[in-house]
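Data block for entry_8.tsv (TSV, N, CA and C atoms):
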chain	number	residue	atom	x	y	z
J	1	MET	N	0.62	-0.76	-17.15
J	1	MET	CA	-0.41	0.26	-17.15
J	1	MET	C	0.20	1.57	-16.68
J	2	VAL	N	-0.35	2.67	-17.16
J	2	VAL	CA	0.14	3.99	-16.80
J	2	VAL	C	-0.82	4.62	-15.79
J	3	LEU	N	-0.24	5.16	-14.73
J	3	LEU	CA	-0.99	5.85	-13.66
J	3	LEU	C	-0.42	7.24	-13.50
J	4	THR	N	-1.25	8.15	-13.01
J	4	THR	CA	-0.78	9.48	-12.62
J	4	THR	C	-0.66	9.48	-11.11
J	5	VAL	N	0.51	9.91	-10.61
J	5	VAL	CA	0.73	9.99	-9.18
J	5	VAL	C	1.00	11.44	-8.81
J	6	LYS	N	0.25	11.92	-7.81
J	6	LYS	CA	0.45	13.27	-7.28
J	6	LYS	C	0.96	13.14	-5.85
J	7	LEU	N	2.10	13.76	-5.59
J	7	LEU	CA	2.67	13.77	-4.24
J	7	LEU	C	2.46	15.14	-3.63
J	8	PHE	N	2.29	15.16	-2.32
J	8	PHE	CA	2.03	16.42	-1.62
J	8	PHE	C	3.02	16.63	-0.49
J	9	ALA	N	3.25	17.91	-0.19
J	9	ALA	CA	4.07	18.37	0.93
J	9	ALA	C	5.46	17.71	0.90
J	10	ALA	N	5.90	17.18	2.01
J	10	ALA	CA	7.26	16.64	2.14
J	10	ALA	C	7.56	15.50	1.17
J	11	PHE	N	6.54	14.80	0.70
J	11	PHE	CA	6.77	13.69	-0.23
J	11	PHE	C	7.33	14.17	-1.57
J	12	ARG	N	7.19	15.44	-1.88
J	12	ARG	CA	7.72	15.98	-3.14
J	12	ARG	C	9.24	16.16	-3.08
J	13	SER	N	9.79	16.31	-1.90
J	13	SER	CA	11.22	16.58	-1.75
J	13	SER	C	12.05	15.44	-2.34
J	14	GLY	N	12.84	15.76	-3.38
J	14	GLY	CA	13.68	14.77	-4.02
J	14	GLY	C	12.93	13.83	-4.96
J	15	ARG	N	11.63	14.07	-5.14
J	15	ARG	CA	10.83	13.21	-6.01
J	15	ARG	C	10.21	14.07	-7.12
J	16	PHE	N	8.92	14.30	-7.03
J	16	PHE	CA	8.18	15.04	-8.06
J	16	PHE	C	6.87	15.52	-7.45
J	17	ALA	N	6.20	16.42	-8.14
J	17	ALA	CA	4.86	16.85	-7.72
J	17	ALA	C	3.81	15.98	-8.40
J	18	VAL	N	3.95	15.82	-9.72
J	18	VAL	CA	3.02	14.99	-10.50
J	18	VAL	C	3.84	14.23	-11.53
J	19	ALA	N	3.56	12.94	-11.68
J	19	ALA	CA	4.27	12.13	-12.66
J	19	ALA	C	3.37	11.03	-13.20
J	20	GLN	N	3.67	10.64	-14.42
J	20	GLN	CA	3.05	9.46	-15.02
J	20	GLN	C	4.01	8.31	-14.75
J	21	ILE	N	3.52	7.24	-14.14
J	21	ILE	CA	4.37	6.09	-13.87
J	21	ILE	C	3.76	4.85	-14.51
J	22	GLU	N	4.61	3.91	-14.82
J	22	GLU	CA	4.17	2.65	-15.41
J	22	GLU	C	4.34	1.57	-14.35
J	23	ARG	N	3.30	0.80	-14.14
J	23	ARG	CA	3.33	-0.31	-13.19
J	23	ARG	C	2.64	-1.50	-13.82
J	24	PRO	N	3.00	-2.71	-13.40
J	24	PRO	CA	2.34	-3.89	-13.96
J	24	PRO	C	0.89	-3.97	-13.47
J	25	PRO	N	0.01	-4.54	-14.27
J	25	PRO	CA	-1.37	-4.75	-13.81
J	25	PRO	C	-1.35	-5.55	-12.51
J	26	GLY	N	-2.24	-5.18	-11.60
J	26	GLY	CA	-2.31	-5.87	-10.31
J	26	GLY	C	-1.47	-5.23	-9.22
J	27	ALA	N	-0.68	-4.21	-9.57
J	27	ALA	CA	0.11	-3.52	-8.55
J	27	ALA	C	-0.83	-2.89	-7.53
J	28	THR	N	-0.46	-2.93	-6.27
J	28	THR	CA	-1.27	-2.31	-5.22
J	28	THR	C	-0.72	-0.94	-4.88
J	29	LEU	N	-1.51	-0.15	-4.18
J	29	LEU	CA	-1.01	1.14	-3.72
J	29	LEU	C	0.19	0.94	-2.79
J	30	GLY	N	0.15	-0.09	-1.98
J	30	GLY	CA	1.29	-0.38	-1.10
J	30	GLY	C	2.57	-0.62	-1.88
J	31	SER	N	2.48	-1.39	-2.97
J	31	SER	CA	3.69	-1.66	-3.76
J	31	SER	C	4.18	-0.40	-4.47
J	32	ILE	N	3.26	0.48	-4.84
J	32	ILE	CA	3.66	1.75	-5.46
J	32	ILE	C	4.39	2.62	-4.44
J	33	LEU	N	3.89	2.67	-3.20
J	33	LEU	CA	4.60	3.41	-2.15
J	33	LEU	C	6.00	2.85	-1.96
J	34	ASP	N	6.11	1.53	-1.93
J	34	ASP	CA	7.42	0.89	-1.76
J	34	ASP	C	8.35	1.26	-2.90
J	35	ASP	N	7.85	1.24	-4.14
J	35	ASP	CA	8.67	1.59	-5.30
J	35	ASP	C	9.14	3.03	-5.23
J	36	LEU	N	8.32	3.92	-4.67
J	36	LEU	CA	8.67	5.33	-4.54
J	36	LEU	C	9.49	5.61	-3.28
J	37	ARG	N	9.72	4.57	-2.49
J	37	ARG	CA	10.46	4.68	-1.22
J	37	ARG	C	9.80	5.66	-0.26
J	38	ILE	N	8.48	5.57	-0.22
J	38	ILE	CA	7.70	6.35	0.74
J	38	ILE	C	7.30	5.39	1.86
J	39	PRO	N	7.78	5.63	3.09
J	39	PRO	CA	7.42	4.74	4.19
J	39	PRO	C	5.91	4.73	4.42
J	40	ARG	N	5.35	3.55	4.47
J	40	ARG	CA	3.91	3.41	4.66
J	40	ARG	C	3.46	4.09	5.95
J	41	SER	N	4.31	4.07	6.97
J	41	SER	CA	3.96	4.65	8.27
J	41	SER	C	3.86	6.17	8.22
J	42	GLU	N	4.37	6.80	7.16
J	42	GLU	CA	4.33	8.25	7.04
J	42	GLU	C	3.17	8.75	6.18
J	43	VAL	N	2.39	7.84	5.62
J	43	VAL	CA	1.27	8.22	4.76
J	43	VAL	C	0.04	8.52	5.60
J	44	GLY	N	-0.52	9.70	5.37
J	44	GLY	CA	-1.73	10.09	6.09
J	44	GLY	C	-2.98	9.78	5.31
J	45	VAL	N	-2.98	10.09	4.01
J	45	VAL	CA	-4.16	9.89	3.17
J	45	VAL	C	-3.73	9.38	1.81
J	46	LEU	N	-4.43	8.36	1.34
J	46	LEU	CA	-4.29	7.85	-0.02
J	46	LEU	C	-5.63	8.03	-0.70
J	47	ARG	N	-5.61	8.66	-1.86
J	47	ARG	CA	-6.85	8.87	-2.60
J	47	ARG	C	-6.65	8.42	-4.04
J	48	VAL	N	-7.67	7.82	-4.59
J	48	VAL	CA	-7.67	7.42	-5.99
J	48	VAL	C	-8.91	8.03	-6.61
J	49	GLY	N	-8.68	8.91	-7.58
J	49	GLY	CA	-9.80	9.56	-8.25
J	49	GLY	C	-10.72	10.31	-7.31
J	50	GLY	N	-10.18	10.86	-6.23
J	50	GLY	CA	-10.99	11.65	-5.31
J	50	GLY	C	-11.62	10.87	-4.17
J	51	SER	N	-11.44	9.55	-4.14
J	51	SER	CA	-12.00	8.74	-3.06
J	51	SER	C	-10.88	8.13	-2.23
J	52	ASP	N	-11.11	7.98	-0.93
J	52	ASP	CA	-10.12	7.34	-0.07
J	52	ASP	C	-9.88	5.90	-0.53
J	53	ALA	N	-8.64	5.45	-0.40
J	53	ALA	CA	-8.27	4.09	-0.77
J	53	ALA	C	-7.29	3.54	0.26
J	54	ASP	N	-7.16	2.21	0.29
J	54	ASP	CA	-6.21	1.61	1.24
J	54	ASP	C	-5.04	0.99	0.47
J	55	LEU	N	-4.07	0.49	1.22
J	55	LEU	CA	-2.83	-0.03	0.63
J	55	LEU	C	-3.07	-1.23	-0.29
J	56	ALA	N	-4.13	-1.97	-0.07
J	56	ALA	CA	-4.41	-3.16	-0.88
J	56	ALA	C	-5.12	-2.84	-2.19
J	57	TYR	N	-5.55	-1.59	-2.37
J	57	TYR	CA	-6.29	-1.20	-3.58
J	57	TYR	C	-5.41	-1.41	-4.82
J	58	ARG	N	-6.00	-1.95	-5.87
J	58	ARG	CA	-5.31	-2.17	-7.14
J	58	ARG	C	-5.87	-1.20	-8.18
J	59	PRO	N	-5.13	-0.12	-8.44
J	59	PRO	CA	-5.65	0.88	-9.40
J	59	PRO	C	-5.70	0.33	-10.82
J	60	SER	N	-6.58	0.92	-11.59
J	60	SER	CA	-6.70	0.59	-13.01
J	60	SER	C	-5.92	1.60	-13.83
J	61	ALA	N	-5.56	1.22	-15.04
J	61	ALA	CA	-4.83	2.12	-15.94
J	61	ALA	C	-5.58	3.44	-16.07
J	62	GLY	N	-4.82	4.53	-16.02
J	62	GLY	CA	-5.39	5.86	-16.20
J	62	GLY	C	-5.86	6.54	-14.92
J	63	GLU	N	-5.88	5.81	-13.81
J	63	GLU	CA	-6.35	6.43	-12.56
J	63	GLU	C	-5.29	7.38	-12.00
J	64	THR	N	-5.76	8.31	-11.19
J	64	THR	CA	-4.88	9.28	-10.52
J	64	THR	C	-4.82	8.95	-9.04
J	65	ILE	N	-3.61	8.83	-8.53
J	65	ILE	CA	-3.36	8.51	-7.13
J	65	ILE	C	-2.77	9.74	-6.47
J	66	SER	N	-3.35	10.15	-5.35
J	66	SER	CA	-2.84	11.29	-4.58
J	66	SER	C	-2.35	10.77	-3.23
J	67	ILE	N	-1.12	11.15	-2.87
J	67	ILE	CA	-0.50	10.64	-1.65
J	67	ILE	C	-0.13	11.83	-0.76
J	68	PHE	N	-0.73	11.86	0.42
J	68	PHE	CA	-0.52	12.94	1.39
J	68	PHE	C	0.19	12.38	2.63
J	69	PRO	N	1.16	13.12	3.18
J	69	PRO	CA	1.81	12.67	4.41
J	69	PRO	C	0.94	12.92	5.63
J	70	LEU	N	1.31	12.25	6.72
J	70	LEU	CA	0.68	12.54	8.01
J	70	LEU	C	0.94	14.00	8.36
J	71	THR	N	0.01	14.59	9.04
J	71	THR	CA	0.22	15.96	9.54
J	71	THR	C	0.56	15.84	11.02
J	72	HIS	N	1.53	16.61	11.43
J	72	HIS	CA	1.98	16.53	12.83
J	72	HIS	C	1.49	17.70	13.62
Can you turn what I pasted into structure tokens?
Amino acid sequence: MVLTVKLFAAFRSGRFAVAQIERPPGATLGSILDDLRIPRSEVGVLRVGGSDADLAYRPSAGETISIFPLTH
């Protein structure tokens, strides 16, 4: 399935701002973070389609995931 991923602030460094990624059905937000090498402990907000989501959420094809770092 194809998802749109938007990264914000420091997460863009060495990665991308917005990208279409392909993941197998059933992938969780946690596994997507792992694939992107984003430490789970550094994530402040995860949103899917404008709503808050947790690491266990399994997005559907076509959804947009926004990943924001913790603010210090």
For a test of reading the model, state the distance in Å between atom N of Ala19 of chain J and atom CA of Val45 of chain J, rounded to one decimal.
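If I compute the distance from atom N of Ala19 of chain J to atom CA of Val45 of chain J, I get 17.0 Å.
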Residue contacts of segment 1-4 of chain J (8 Å, only C-alpha atoms) excluding same-chain residues fewer than 3 positions away, as a PDB file with N, CA and C atoms, keeping the file's coordinate frame:
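Result saved to result-v3.pdb:
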ATOM      1  N   VAL J  18       3.950  15.820  -9.720  1.00  0.00           N
ATOM      2  CA  VAL J  18       3.020  14.990 -10.500  1.00  0.00           C
ATOM      3  C   VAL J  18       3.840  14.230 -11.530  1.00  0.00           C
ATOM      4  N   ALA J  19       3.560  12.940 -11.680  1.00  0.00           N
ATOM      5  CA  ALA J  19       4.270  12.130 -12.660  1.00  0.00           C
ATOM      6  C   ALA J  19       3.370  11.030 -13.200  1.00  0.00           C
ATOM      7  N   GLN J  20       3.670  10.640 -14.420  1.00  0.00           N
ATOM      8  CA  GLN J  20       3.050   9.460 -15.020  1.00  0.00           C
ATOM      9  C   GLN J  20       4.010   8.310 -14.750  1.00  0.00           C
ATOM     10  N   ILE J  21       3.520   7.240 -14.140  1.00  0.00           N
ATOM     11  CA  ILE J  21       4.370   6.090 -13.870  1.00  0.00           C
ATOM     12  C   ILE J  21       3.760   4.850 -14.510  1.00  0.00           C
ATOM     13  N   GLU J  22       4.610   3.910 -14.820  1.00  0.00           N
ATOM     14  CA  GLU J  22       4.170   2.650 -15.410  1.00  0.00           C
ATOM     15  C   GLU J  22       4.340   1.570 -14.350  1.00  0.00           C
ATOM     16  N   ARG J  23       3.300   0.800 -14.140  1.00  0.00           N
ATOM     17  CA  ARG J  23       3.330  -0.310 -13.190  1.00  0.00           C
ATOM     18  C   ARG J  23       2.640  -1.500 -13.820  1.00  0.00           C
ATOM     19  N   PRO J  24       3.000  -2.710 -13.400  1.00  0.00           N
ATOM     20  CA  PRO J  24       2.340  -3.890 -13.960  1.00  0.00           C
ATOM     21  C   PRO J  24       0.890  -3.970 -13.470  1.00  0.00           C
ATOM     22  N   PRO J  25       0.010  -4.540 -14.270  1.00  0.00           N
ATOM     23  CA  PRO J  25      -1.370  -4.750 -13.810  1.00  0.00           C
ATOM     24  C   PRO J  25      -1.350  -5.550 -12.510  1.00  0.00           C
ATOM     25  N   SER J  60      -6.580   0.920 -11.590  1.00  0.00           N
ATOM     26  CA  SER J  60      -6.700   0.590 -13.010  1.00  0.00           C
ATOM     27  C   SER J  60      -5.920   1.600 -13.830  1.00  0.00           C
ATOM     28  N   ALA J  61      -5.560   1.220 -15.040  1.00  0.00           N
ATOM     29  CA  ALA J  61      -4.830   2.120 -15.940  1.00  0.00           C
ATOM     30  C   ALA J  61      -5.580   3.440 -16.070  1.00  0.00           C
ATOM     31  N   GLY J  62      -4.820   4.530 -16.020  1.00  0.00           N
ATOM     32  CA  GLY J  62      -5.390   5.860 -16.200  1.00  0.00           C
ATOM     33  C   GLY J  62      -5.860   6.540 -14.920  1.00  0.00           C
ATOM     34  N   GLU J  63      -5.880   5.810 -13.810  1.00  0.00           N
ATOM     35  CA  GLU J  63      -6.350   6.430 -12.560  1.00  0.00           C
ATOM     36  C   GLU J  63      -5.290   7.380 -12.000  1.00  0.00           C
ATOM     37  N   THR J  64      -5.760   8.310 -11.190  1.00  0.00           N
ATOM     38  CA  THR J  64      -4.880   9.280 -10.520  1.00  0.00           C
ATOM     39  C   THR J  64      -4.820   8.950  -9.040  1.00  0.00           C
ATOM     40  N   ILE J  65      -3.610   8.830  -8.530  1.00  0.00           N
ATOM     41  CA  ILE J  65      -3.360   8.510  -7.130  1.00  0.00           C
ATOM     42  C   ILE J  65      -2.770   9.740  -6.470  1.00  0.00           C
TER      43      ILE J  65
END
As a list in words, please: every residue in chain J that a backbone DSSP assignment puts in helix (DSSP H, G or I).
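Reading the DSSP output for chain J, helix (DSSP H, G or I) covers Ala9, Ala10, Phe11, Arg12, Leu29, Gly30, Ser31, Ile32, Leu33, Asp34, Asp35, Arg40, Ser41 and Glu42 of chain J.
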Residue among J:Ile67, J:Tyr57, J:Lys6, J:Leu46 lying closest to Gly30 of chain J, counting only N, CA and C atoms
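With only N, CA and C atoms as the atom set, the closest residue is J:Tyr57.
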Looking only at the backbone, which of the residues in chain J does DSSP tag as strand (DSSP E or B), as a PyMOL selection string?
chain J and resi 2-7+18-22+43-48+51-52+64-69
For Arg15 of chain J: contacts at 10 Å, only C-alpha atoms, fewer than 6 positions along chain excluded, given as a list in words
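Here the qualifying residues turn out to be Leu7, Leu36 and Arg37 of chain J.
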Store the residues picked out above in a file with N, CA and C atoms, as a PDB file, in the frame of the given file.
ATOM      1  N   LEU J   7       2.100  13.760  -5.590  1.00  0.00           N
ATOM      2  CA  LEU J   7       2.670  13.770  -4.240  1.00  0.00           C
ATOM      3  C   LEU J   7       2.460  15.140  -3.630  1.00  0.00           C
ATOM      4  N   LEU J  36       8.320   3.920  -4.670  1.00  0.00           N
ATOM      5  CA  LEU J  36       8.670   5.330  -4.540  1.00  0.00           C
ATOM      6  C   LEU J  36       9.490   5.610  -3.280  1.00  0.00           C
ATOM      7  N   ARG J  37       9.720   4.570  -2.490  1.00  0.00           N
ATOM      8  CA  ARG J  37      10.460   4.680  -1.220  1.00  0.00           C
ATOM      9  C   ARG J  37       9.800   5.660  -0.260  1.00  0.00           C
TER      10      ARG J  37
END
Spatial neighbours of Glu42 of chain J, 12 Å, only C-alpha atoms, chain gap at least 6 places, as a VMD selection string
chain J and resid 9 to 11 33 to 34 67 to 72
For a test of reading the model, state the distance in Å between atom N of Phe8 of chain J and atom N of Gly26 of chain J, rounded to one decimal.
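Result for atom N of Phe8 of chain J versus atom N of Gly26 of chain J: 22.8 Å, one decimal.
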